[in-house]
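**Student:** target36.pdb is the file, holding PDB, N, CA and C atoms, pLDDT in the B column:
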```pdb
MODEL        1
ATOM      1  N   MET B  28     112.457  88.214  94.826  1.00 96.00           N
ATOM      2  CA  MET B  28     111.747  88.901  93.767  1.00 96.00           C
ATOM      3  C   MET B  28     110.445  88.162  93.490  1.00 96.00           C
ATOM      4  N   ASN B  29     109.389  88.903  93.231  1.00 97.00           N
ATOM      5  CA  ASN B  29     108.109  88.322  92.844  1.00 97.00           C
ATOM      6  C   ASN B  29     107.958  88.374  91.328  1.00 97.00           C
ATOM      7  N   TRP B  30     107.445  87.290  90.776  1.00 98.00           N
ATOM      8  CA  TRP B  30     107.143  87.193  89.351  1.00 98.00           C
ATOM      9  C   TRP B  30     105.652  86.914  89.232  1.00 98.00           C
ATOM     10  N   TYR B  31     104.963  87.643  88.371  1.00 98.00           N
ATOM     11  CA  TYR B  31     103.513  87.553  88.253  1.00 98.00           C
ATOM     12  C   TYR B  31     103.119  86.838  86.964  1.00 98.00           C
ATOM     13  N   VAL B  32     102.058  86.021  87.081  1.00 97.00           N
ATOM     14  CA  VAL B  32     101.552  85.240  85.946  1.00 97.00           C
ATOM     15  C   VAL B  32     100.044  85.418  85.880  1.00 97.00           C
ATOM     16  N   SER B  33      99.538  85.713  84.691  1.00 97.00           N
ATOM     17  CA  SER B  33      98.097  85.827  84.481  1.00 97.00           C
ATOM     18  C   SER B  33      97.742  85.262  83.115  1.00 97.00           C
ATOM     19  N   ALA B  34      96.960  84.185  83.108  1.00 94.00           N
ATOM     20  CA  ALA B  34      96.540  83.583  81.847  1.00 94.00           C
ATOM     21  C   ALA B  34      95.601  84.510  81.078  1.00 94.00           C
ATOM     22  N   LYS B  35      94.903  85.381  81.795  1.00 95.00           N
ATOM     23  CA  LYS B  35      93.932  86.278  81.150  1.00 95.00           C
ATOM     24  C   LYS B  35      94.570  87.512  80.540  1.00 95.00           C
ATOM     25  N   THR B  36      95.433  88.185  81.281  1.00 96.00           N
ATOM     26  CA  THR B  36      95.946  89.482  80.829  1.00 96.00           C
ATOM     27  C   THR B  36      97.449  89.499  80.571  1.00 96.00           C
ATOM     28  N   GLY B  37      98.142  88.425  80.907  1.00 97.00           N
ATOM     29  CA  GLY B  37      99.596  88.407  80.767  1.00 97.00           C
ATOM     30  C   GLY B  37     100.070  88.188  79.346  1.00 97.00           C
ATOM     31  N   LYS B  38     101.325  88.545  79.129  1.00 98.00           N
ATOM     32  CA  LYS B  38     102.018  88.302  77.859  1.00 98.00           C
ATOM     33  C   LYS B  38     103.432  87.887  78.210  1.00 98.00           C
ATOM     34  N   ASP B  39     103.938  86.861  77.584  1.00 97.00           N
ATOM     35  CA  ASP B  39     105.300  86.424  77.875  1.00 97.00           C
ATOM     36  C   ASP B  39     106.349  87.428  77.411  1.00 97.00           C
ATOM     37  N   SER B  40     105.940  88.425  76.642  1.00 98.00           N
ATOM     38  CA  SER B  40     106.867  89.497  76.262  1.00 98.00           C
ATOM     39  C   SER B  40     106.957  90.570  77.353  1.00 98.00           C
ATOM     40  N   ASN B  41     106.073  90.511  78.362  1.00 98.00           N
ATOM     41  CA  ASN B  41     106.152  91.428  79.506  1.00 98.00           C
ATOM     42  C   ASN B  41     107.350  91.078  80.369  1.00 98.00           C
ATOM     43  N   ASP B  42     107.649  91.941  81.360  1.00 98.00           N
ATOM     44  CA  ASP B  42     108.782  91.649  82.249  1.00 98.00           C
ATOM     45  C   ASP B  42     108.375  90.822  83.467  1.00 98.00           C
ATOM     46  N   GLY B  43     107.068  90.638  83.732  1.00 98.00           N
ATOM     47  CA  GLY B  43     106.599  89.771  84.802  1.00 98.00           C
ATOM     48  C   GLY B  43     106.802  90.311  86.211  1.00 98.00           C
ATOM     49  N   ARG B  44     107.193  91.554  86.354  1.00 98.00           N
ATOM     50  CA  ARG B  44     107.557  92.091  87.669  1.00 98.00           C
ATOM     51  C   ARG B  44     106.428  92.821  88.385  1.00 98.00           C
ATOM     52  N   SER B  45     105.251  92.862  87.790  1.00 98.00           N
ATOM     53  CA  SER B  45     104.091  93.473  88.442  1.00 98.00           C
ATOM     54  C   SER B  45     102.834  92.797  87.901  1.00 98.00           C
ATOM     55  N   PRO B  46     101.711  92.908  88.614  1.00 96.00           N
ATOM     56  CA  PRO B  46     100.474  92.318  88.094  1.00 96.00           C
ATOM     57  C   PRO B  46     100.088  92.902  86.730  1.00 96.00           C
ATOM     58  N   GLU B  47     100.384  94.174  86.523  1.00 97.00           N
ATOM     59  CA  GLU B  47     100.054  94.822  85.248  1.00 97.00           C
ATOM     60  C   GLU B  47     100.956  94.365  84.097  1.00 97.00           C
ATOM     61  N   ALA B  48     102.117  93.837  84.422  1.00 98.00           N
ATOM     62  CA  ALA B  48     103.075  93.371  83.407  1.00 98.00           C
ATOM     63  C   ALA B  48     103.341  91.875  83.560  1.00 98.00           C
ATOM     64  N   ALA B  49     102.298  91.131  83.932  1.00 98.00           N
ATOM     65  CA  ALA B  49     102.432  89.696  84.203  1.00 98.00           C
ATOM     66  C   ALA B  49     102.796  88.908  82.954  1.00 98.00           C
ATOM     67  N   PHE B  50     103.484  87.774  83.196  1.00 98.00           N
ATOM     68  CA  PHE B  50     103.698  86.789  82.135  1.00 98.00           C
ATOM     69  C   PHE B  50     102.386  86.056  81.891  1.00 98.00           C
ATOM     70  N   ARG B  51     102.262  85.427  80.741  1.00 96.00           N
ATOM     71  CA  ARG B  51     101.071  84.633  80.434  1.00 96.00           C
ATOM     72  C   ARG B  51     101.218  83.187  80.903  1.00 96.00           C
ATOM     73  N   THR B  52     102.438  82.648  80.882  1.00 94.00           N
ATOM     74  CA  THR B  52     102.633  81.232  81.214  1.00 94.00           C
ATOM     75  C   THR B  52     103.502  81.056  82.457  1.00 94.00           C
ATOM     76  N   VAL B  53     103.176  80.019  83.206  1.00 93.00           N
ATOM     77  CA  VAL B  53     103.958  79.671  84.393  1.00 93.00           C
ATOM     78  C   VAL B  53     105.375  79.301  83.981  1.00 93.00           C
ATOM     79  N   GLN B  54     105.521  78.592  82.879  1.00 92.00           N
ATOM     80  CA  GLN B  54     106.858  78.184  82.434  1.00 92.00           C
ATOM     81  C   GLN B  54     107.755  79.386  82.193  1.00 92.00           C
ATOM     82  N   HIS B  55     107.224  80.438  81.619  1.00 95.00           N
ATOM     83  CA  HIS B  55     108.033  81.633  81.364  1.00 95.00           C
ATOM     84  C   HIS B  55     108.504  82.241  82.681  1.00 95.00           C
ATOM     85  N   ALA B  56     107.623  82.263  83.675  1.00 96.00           N
ATOM     86  CA  ALA B  56     108.002  82.791  84.989  1.00 96.00           C
ATOM     87  C   ALA B  56     109.071  81.924  85.638  1.00 96.00           C
ATOM     88  N   ILE B  57     108.949  80.605  85.523  1.00 95.00           N
ATOM     89  CA  ILE B  57     109.950  79.693  86.090  1.00 95.00           C
ATOM     90  C   ILE B  57     111.309  79.953  85.452  1.00 95.00           C
ATOM     91  N   THR B  58     111.316  80.168  84.153  1.00 95.00           N
ATOM     92  CA  THR B  58     112.566  80.428  83.441  1.00 95.00           C
ATOM     93  C   THR B  58     113.209  81.740  83.899  1.00 95.00           C
ATOM     94  N   ALA B  59     112.391  82.748  84.180  1.00 96.00           N
ATOM     95  CA  ALA B  59     112.910  84.054  84.595  1.00 96.00           C
ATOM     96  C   ALA B  59     113.362  84.065  86.053  1.00 96.00           C
ATOM     97  N   ALA B  60     112.759  83.224  86.880  1.00 97.00           N
ATOM     98  CA  ALA B  60     112.982  83.267  88.324  1.00 97.00           C
ATOM     99  C   ALA B  60     114.278  82.576  88.741  1.00 97.00           C
ATOM    100  N   ALA B  61     114.716  82.929  89.947  1.00 96.00           N
ATOM    101  CA  ALA B  61     115.879  82.297  90.573  1.00 96.00           C
ATOM    102  C   ALA B  61     115.438  81.683  91.896  1.00 96.00           C
ATOM    103  N   ALA B  62     116.214  80.754  92.407  1.00 95.00           N
ATOM    104  CA  ALA B  62     115.897  80.111  93.687  1.00 95.00           C
ATOM    105  C   ALA B  62     115.592  81.178  94.731  1.00 95.00           C
ATOM    106  N   GLY B  63     114.515  80.953  95.482  1.00 96.00           N
ATOM    107  CA  GLY B  63     114.099  81.894  96.513  1.00 96.00           C
ATOM    108  C   GLY B  63     113.071  82.911  96.048  1.00 96.00           C
ATOM    109  N   ASP B  64     112.864  83.031  94.740  1.00 97.00           N
ATOM    110  CA  ASP B  64     111.854  83.952  94.212  1.00 97.00           C
ATOM    111  C   ASP B  64     110.454  83.383  94.405  1.00 97.00           C
ATOM    112  N   MET B  65     109.442  84.246  94.246  1.00 97.00           N
ATOM    113  CA  MET B  65     108.048  83.820  94.380  1.00 97.00           C
ATOM    114  C   MET B  65     107.308  84.032  93.065  1.00 97.00           C
ATOM    115  N   LEU B  66     106.522  83.016  92.680  1.00 96.00           N
ATOM    116  CA  LEU B  66     105.615  83.146  91.541  1.00 96.00           C
ATOM    117  C   LEU B  66     104.235  83.441  92.090  1.00 96.00           C
ATOM    118  N   VAL B  67     103.633  84.535  91.656  1.00 97.00           N
ATOM    119  CA  VAL B  67     102.291  84.915  92.072  1.00 97.00           C
ATOM    120  C   VAL B  67     101.381  84.650  90.879  1.00 97.00           C
ATOM    121  N   ILE B  68     100.533  83.631  91.021  1.00 94.00           N
ATOM    122  CA  ILE B  68      99.719  83.147  89.907  1.00 94.00           C
ATOM    123  C   ILE B  68      98.286  83.622  90.071  1.00 94.00           C
ATOM    124  N   ALA B  69      97.806  84.388  89.094  1.00 95.00           N
ATOM    125  CA  ALA B  69      96.425  84.881  89.107  1.00 95.00           C
ATOM    126  C   ALA B  69      95.474  83.741  88.743  1.00 95.00           C
ATOM    127  N   PRO B  70      94.262  83.752  89.294  1.00 93.00           N
ATOM    128  CA  PRO B  70      93.278  82.744  88.904  1.00 93.00           C
ATOM    129  C   PRO B  70      93.000  82.823  87.402  1.00 93.00           C
ATOM    130  N   GLY B  71      92.697  81.698  86.821  1.00 90.00           N
ATOM    131  CA  GLY B  71      92.394  81.664  85.399  1.00 90.00           C
ATOM    132  C   GLY B  71      92.572  80.273  84.841  1.00 90.00           C
ATOM    133  N   ALA B  72      92.299  80.128  83.572  1.00 88.00           N
ATOM    134  CA  ALA B  72      92.448  78.848  82.875  1.00 88.00           C
ATOM    135  C   ALA B  72      93.818  78.822  82.211  1.00 88.00           C
ATOM    136  N   TYR B  73      94.634  77.867  82.610  1.00 84.00           N
ATOM    137  CA  TYR B  73      95.976  77.730  82.070  1.00 84.00           C
ATOM    138  C   TYR B  73      96.017  76.522  81.156  1.00 84.00           C
ATOM    139  N   ASP B  74      96.444  76.727  79.896  1.00 75.00           N
ATOM    140  CA  ASP B  74      96.469  75.661  78.898  1.00 75.00           C
ATOM    141  C   ASP B  74      97.599  74.683  79.117  1.00 75.00           C
ATOM    142  N   GLN B  75      98.596  75.083  79.867  1.00 68.00           N
ATOM    143  CA  GLN B  75      99.745  74.231  80.082  1.00 68.00           C
ATOM    144  C   GLN B  75      99.468  73.156  81.129  1.00 68.00           C
ATOM    145  N   ASP B  76     100.361  72.233  81.278  1.00 84.00           N
ATOM    146  CA  ASP B  76     100.260  71.171  82.282  1.00 84.00           C
ATOM    147  C   ASP B  76     100.623  71.776  83.638  1.00 84.00           C
ATOM    148  N   LEU B  77      99.649  72.402  84.292  1.00 83.00           N
ATOM    149  CA  LEU B  77      99.916  73.170  85.507  1.00 83.00           C
ATOM    150  C   LEU B  77     100.515  72.333  86.636  1.00 83.00           C
ATOM    151  N   PRO B  78     100.011  71.132  86.936  1.00 85.00           N
ATOM    152  CA  PRO B  78     100.648  70.353  88.007  1.00 85.00           C
ATOM    153  C   PRO B  78     102.141  70.085  87.751  1.00 85.00           C
ATOM    154  N   ARG B  79     102.491  69.816  86.518  1.00 89.00           N
ATOM    155  CA  ARG B  79     103.905  69.589  86.188  1.00 89.00           C
ATOM    156  C   ARG B  79     104.710  70.873  86.383  1.00 89.00           C
ATOM    157  N   ARG B  80     104.160  71.995  85.951  1.00 87.00           N
ATOM    158  CA  ARG B  80     104.851  73.281  86.094  1.00 87.00           C
ATOM    159  C   ARG B  80     105.045  73.630  87.574  1.00 87.00           C
ATOM    160  N   ILE B  81     104.056  73.326  88.398  1.00 87.00           N
ATOM    161  CA  ILE B  81     104.170  73.570  89.831  1.00 87.00           C
ATOM    162  C   ILE B  81     105.304  72.714  90.396  1.00 87.00           C
ATOM    163  N   GLY B  82     105.382  71.459  89.968  1.00 90.00           N
ATOM    164  CA  GLY B  82     106.475  70.587  90.380  1.00 90.00           C
ATOM    165  C   GLY B  82     107.825  71.137  89.949  1.00 90.00           C
ATOM    166  N   ASP B  83     107.896  71.669  88.722  1.00 89.00           N
ATOM    167  CA  ASP B  83     109.136  72.274  88.225  1.00 89.00           C
ATOM    168  C   ASP B  83     109.535  73.468  89.096  1.00 89.00           C
ATOM    169  N   ALA B  84     108.541  74.275  89.472  1.00 92.00           N
ATOM    170  CA  ALA B  84     108.823  75.455  90.299  1.00 92.00           C
ATOM    171  C   ALA B  84     109.347  75.049  91.673  1.00 92.00           C
ATOM    172  N   ARG B  85     108.734  74.040  92.262  1.00 91.00           N
ATOM    173  CA  ARG B  85     109.199  73.577  93.568  1.00 91.00           C
ATOM    174  C   ARG B  85     110.607  73.006  93.475  1.00 91.00           C
ATOM    175  N   ALA B  86     110.896  72.274  92.396  1.00 92.00           N
ATOM    176  CA  ALA B  86     112.235  71.711  92.206  1.00 92.00           C
ATOM    177  C   ALA B  86     113.275  72.825  92.056  1.00 92.00           C
ATOM    178  N   ALA B  87     112.845  73.969  91.504  1.00 92.00           N
ATOM    179  CA  ALA B  87     113.744  75.108  91.332  1.00 92.00           C
ATOM    180  C   ALA B  87     113.814  75.973  92.596  1.00 92.00           C
ATOM    181  N   LYS B  88     113.194  75.479  93.692  1.00 94.00           N
ATOM    182  CA  LYS B  88     113.198  76.181  94.982  1.00 94.00           C
ATOM    183  C   LYS B  88     112.515  77.540  94.904  1.00 94.00           C
ATOM    184  N   LEU B  89     111.382  77.587  94.178  1.00 95.00           N
ATOM    185  CA  LEU B  89     110.563  78.782  94.075  1.00 95.00           C
ATOM    186  C   LEU B  89     109.358  78.648  94.993  1.00 95.00           C
ATOM    187  N   THR B  90     108.888  79.770  95.507  1.00 94.00           N
ATOM    188  CA  THR B  90     107.681  79.794  96.327  1.00 94.00           C
ATOM    189  C   THR B  90     106.510  80.162  95.423  1.00 94.00           C
ATOM    190  N   LEU B  91     105.348  79.565  95.672  1.00 92.00           N
ATOM    191  CA  LEU B  91     104.174  79.810  94.846  1.00 92.00           C
ATOM    192  C   LEU B  91     103.075  80.451  95.680  1.00 92.00           C
ATOM    193  N   ALA B  92     102.334  81.371  95.070  1.00 93.00           N
ATOM    194  CA  ALA B  92     101.181  81.980  95.724  1.00 93.00           C
ATOM    195  C   ALA B  92     100.103  82.181  94.668  1.00 93.00           C
ATOM    196  N   VAL B  93      98.858  82.049  95.088  1.00 90.00           N
ATOM    197  CA  VAL B  93      97.728  82.308  94.198  1.00 90.00           C
ATOM    198  C   VAL B  93      97.169  83.669  94.580  1.00 90.00           C
ATOM    199  N   ALA B  94      97.038  84.546  93.601  1.00 88.00           N
ATOM    200  CA  ALA B  94      96.578  85.915  93.840  1.00 88.00           C
ATOM    201  C   ALA B  94      95.067  86.015  93.691  1.00 88.00           C
ATOM    202  N   GLY B  95      94.405  86.633  94.654  1.00 80.00           N
ATOM    203  CA  GLY B  95      92.991  86.970  94.537  1.00 80.00           C
ATOM    204  C   GLY B  95      92.088  85.797  94.248  1.00 80.00           C
ATOM    205  N   SER B  96      90.930  86.119  93.729  1.00 64.00           N
ATOM    206  CA  SER B  96      89.963  85.101  93.334  1.00 64.00           C
ATOM    207  C   SER B  96      89.294  85.532  92.059  1.00 64.00           C
ATOM    208  N   GLU B  97      88.850  84.563  91.314  1.00 59.00           N
ATOM    209  CA  GLU B  97      88.205  84.835  90.038  1.00 59.00           C
ATOM    210  C   GLU B  97      86.746  85.173  90.268  1.00 59.00           C
ATOM    211  N   SER B  98      86.261  86.217  89.634  1.00 54.00           N
ATOM    212  CA  SER B  98      84.854  86.623  89.786  1.00 54.00           C
ATOM    213  C   SER B  98      84.016  86.028  88.698  1.00 54.00           C
TER     214      SER B  98
ENDMDL
END
```
In structure tokens, how does this file's structure come out?

**Tutor:**
Amino acid sequence: MNWYVSAKTGKDSNDGRSPEAAFRTVQHAITAAAAGDMLVIAPGAYDQDLPRRIGDARAAKLTLAVAGSES
């Protein structure tokens, strides 16, 4: 399953299952995901400790991808 994260347009009250319904925080996506899932992270400014969150995702056996590019 893919989980989408966007600091610009996401909301943690979304279901995170599409770019249009992305979560706002990486931590919320990590909590929702299961081992083997992929987090698709949109470019943007993330207020959280992103390197730590990436480490948490890898420890949870999640795959990470960066979506698109910021204009």

**Student:** To one decimal place in Å, what is the distance between atom CA of Phe50 of chain B and atom CA of Ala72 of chain B?

**Tutor:**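 Interatomic distance here is 13.8 Å.
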
**Student:** Based on the backbone DSSP call, show me all residues of chain B assigned strand (DSSP E), as a ChimeraX atom specification.

**Tutor:** /B:29-32,65-68,90-93

**Student:** Taking into account all atoms listed in the file, which residue in the set B:Arg44, B:Gly37, B:Val32, B:Ile81 is nearest to Ile68 of chain B?

**Tutor:**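 Closest to Ile68 of chain B, using all atoms listed in the file: B:Val32.
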
**Student:** Would you work out the distance separating atom CA of Trp30 of chain B from atom CA of Arg79 of chain B, expressed in Å to one decimal?

**Tutor:** 18.2 Å

**Student:** From the DSSP assignment of the backbone, select every residue of chain B that is alpha helix (DSSP H), and format the answer as a list in words.

**Tutor:**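 Residues meeting the alpha helix (DSSP H) criterion: Val53, Gln54, His55, Ala56, Ile57, Thr58, Ala59, Leu77, Pro78, Arg79, Arg80, Ile81, Gly82, Asp83, Ala84, Arg85 and Ala86 of chain B.
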
**Student:** Using Å and a single decimal, report how far atom CA of Leu89 of chain B sits from atom N of Ala48 of chain B.

**Tutor:**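 Value for the atom N of Ala48 of chain B-atom CA of Leu89 of chain B distance: 19.8 Å.
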
**Student:** How would you write, as a JSON list (two decimals) with N, CA and C atoms, in the frame of the given file, the residues chosen by the PyMOL selection byres (((chain B and resi 52 and name CA) around 9) and name CA) on this structure?

**Tutor:**
```json
[["chain", "number", "residue", "atom", "x", "y", "z"],
["B", 32, "VAL", "N", 102.06, 86.02, 87.08],
["B", 32, "VAL", "CA", 101.55, 85.24, 85.95],
["B", 32, "VAL", "C", 100.04, 85.42, 85.88],
["B", 33, "SER", "N", 99.54, 85.71, 84.69],
["B", 33, "SER", "CA", 98.10, 85.83, 84.48],
["B", 33, "SER", "C", 97.74, 85.26, 83.12],
["B", 34, "ALA", "N", 96.96, 84.18, 83.11],
["B", 34, "ALA", "CA", 96.54, 83.58, 81.85],
["B", 34, "ALA", "C", 95.60, 84.51, 81.08],
["B", 37, "GLY", "N", 98.14, 88.42, 80.91],
["B", 37, "GLY", "CA", 99.60, 88.41, 80.77],
["B", 37, "GLY", "C", 100.07, 88.19, 79.35],
["B", 38, "LYS", "N", 101.32, 88.54, 79.13],
["B", 38, "LYS", "CA", 102.02, 88.30, 77.86],
["B", 38, "LYS", "C", 103.43, 87.89, 78.21],
["B", 39, "ASP", "N", 103.94, 86.86, 77.58],
["B", 39, "ASP", "CA", 105.30, 86.42, 77.88],
["B", 39, "ASP", "C", 106.35, 87.43, 77.41],
["B", 49, "ALA", "N", 102.30, 91.13, 83.93],
["B", 49, "ALA", "CA", 102.43, 89.70, 84.20],
["B", 49, "ALA", "C", 102.80, 88.91, 82.95],
["B", 50, "PHE", "N", 103.48, 87.77, 83.20],
["B", 50, "PHE", "CA", 103.70, 86.79, 82.14],
["B", 50, "PHE", "C", 102.39, 86.06, 81.89],
["B", 51, "ARG", "N", 102.26, 85.43, 80.74],
["B", 51, "ARG", "CA", 101.07, 84.63, 80.43],
["B", 51, "ARG", "C", 101.22, 83.19, 80.90],
["B", 53, "VAL", "N", 103.18, 80.02, 83.21],
["B", 53, "VAL", "CA", 103.96, 79.67, 84.39],
["B", 53, "VAL", "C", 105.38, 79.30, 83.98],
["B", 54, "GLN", "N", 105.52, 78.59, 82.88],
["B", 54, "GLN", "CA", 106.86, 78.18, 82.43],
["B", 54, "GLN", "C", 107.76, 79.39, 82.19],
["B", 55, "HIS", "N", 107.22, 80.44, 81.62],
["B", 55, "HIS", "CA", 108.03, 81.63, 81.36],
["B", 55, "HIS", "C", 108.50, 82.24, 82.68],
["B", 56, "ALA", "N", 107.62, 82.26, 83.68],
["B", 56, "ALA", "CA", 108.00, 82.79, 84.99],
["B", 56, "ALA", "C", 109.07, 81.92, 85.64],
["B", 57, "ILE", "N", 108.95, 80.60, 85.52],
["B", 57, "ILE", "CA", 109.95, 79.69, 86.09],
["B", 57, "ILE", "C", 111.31, 79.95, 85.45],
["B", 73, "TYR", "N", 94.63, 77.87, 82.61],
["B", 73, "TYR", "CA", 95.98, 77.73, 82.07],
["B", 73, "TYR", "C", 96.02, 76.52, 81.16],
["B", 74, "ASP", "N", 96.44, 76.73, 79.90],
["B", 74, "ASP", "CA", 96.47, 75.66, 78.90],
["B", 74, "ASP", "C", 97.60, 74.68, 79.12],
["B", 75, "GLN", "N", 98.60, 75.08, 79.87],
["B", 75, "GLN", "CA", 99.74, 74.23, 80.08],
["B", 75, "GLN", "C", 99.47, 73.16, 81.13]]
```

**Student:** At a cut-off of 12 Å around the point (96.2, 82.2, 93.9) (file coordinates), what residues fall inside when counting only C-alpha atoms? I'd like the answer as a ChimeraX atom specification.

**Tutor:** /B:31-33,65-71,90-97

**Student:** For the file shown, report as a PyMOL selection string the outcome of the PyMOL selection byres (((chain B and resi 64 and name CA) around 6) and name CA) at residue level.

**Tutor:** chain B and resi 28-29+61-63+65+89
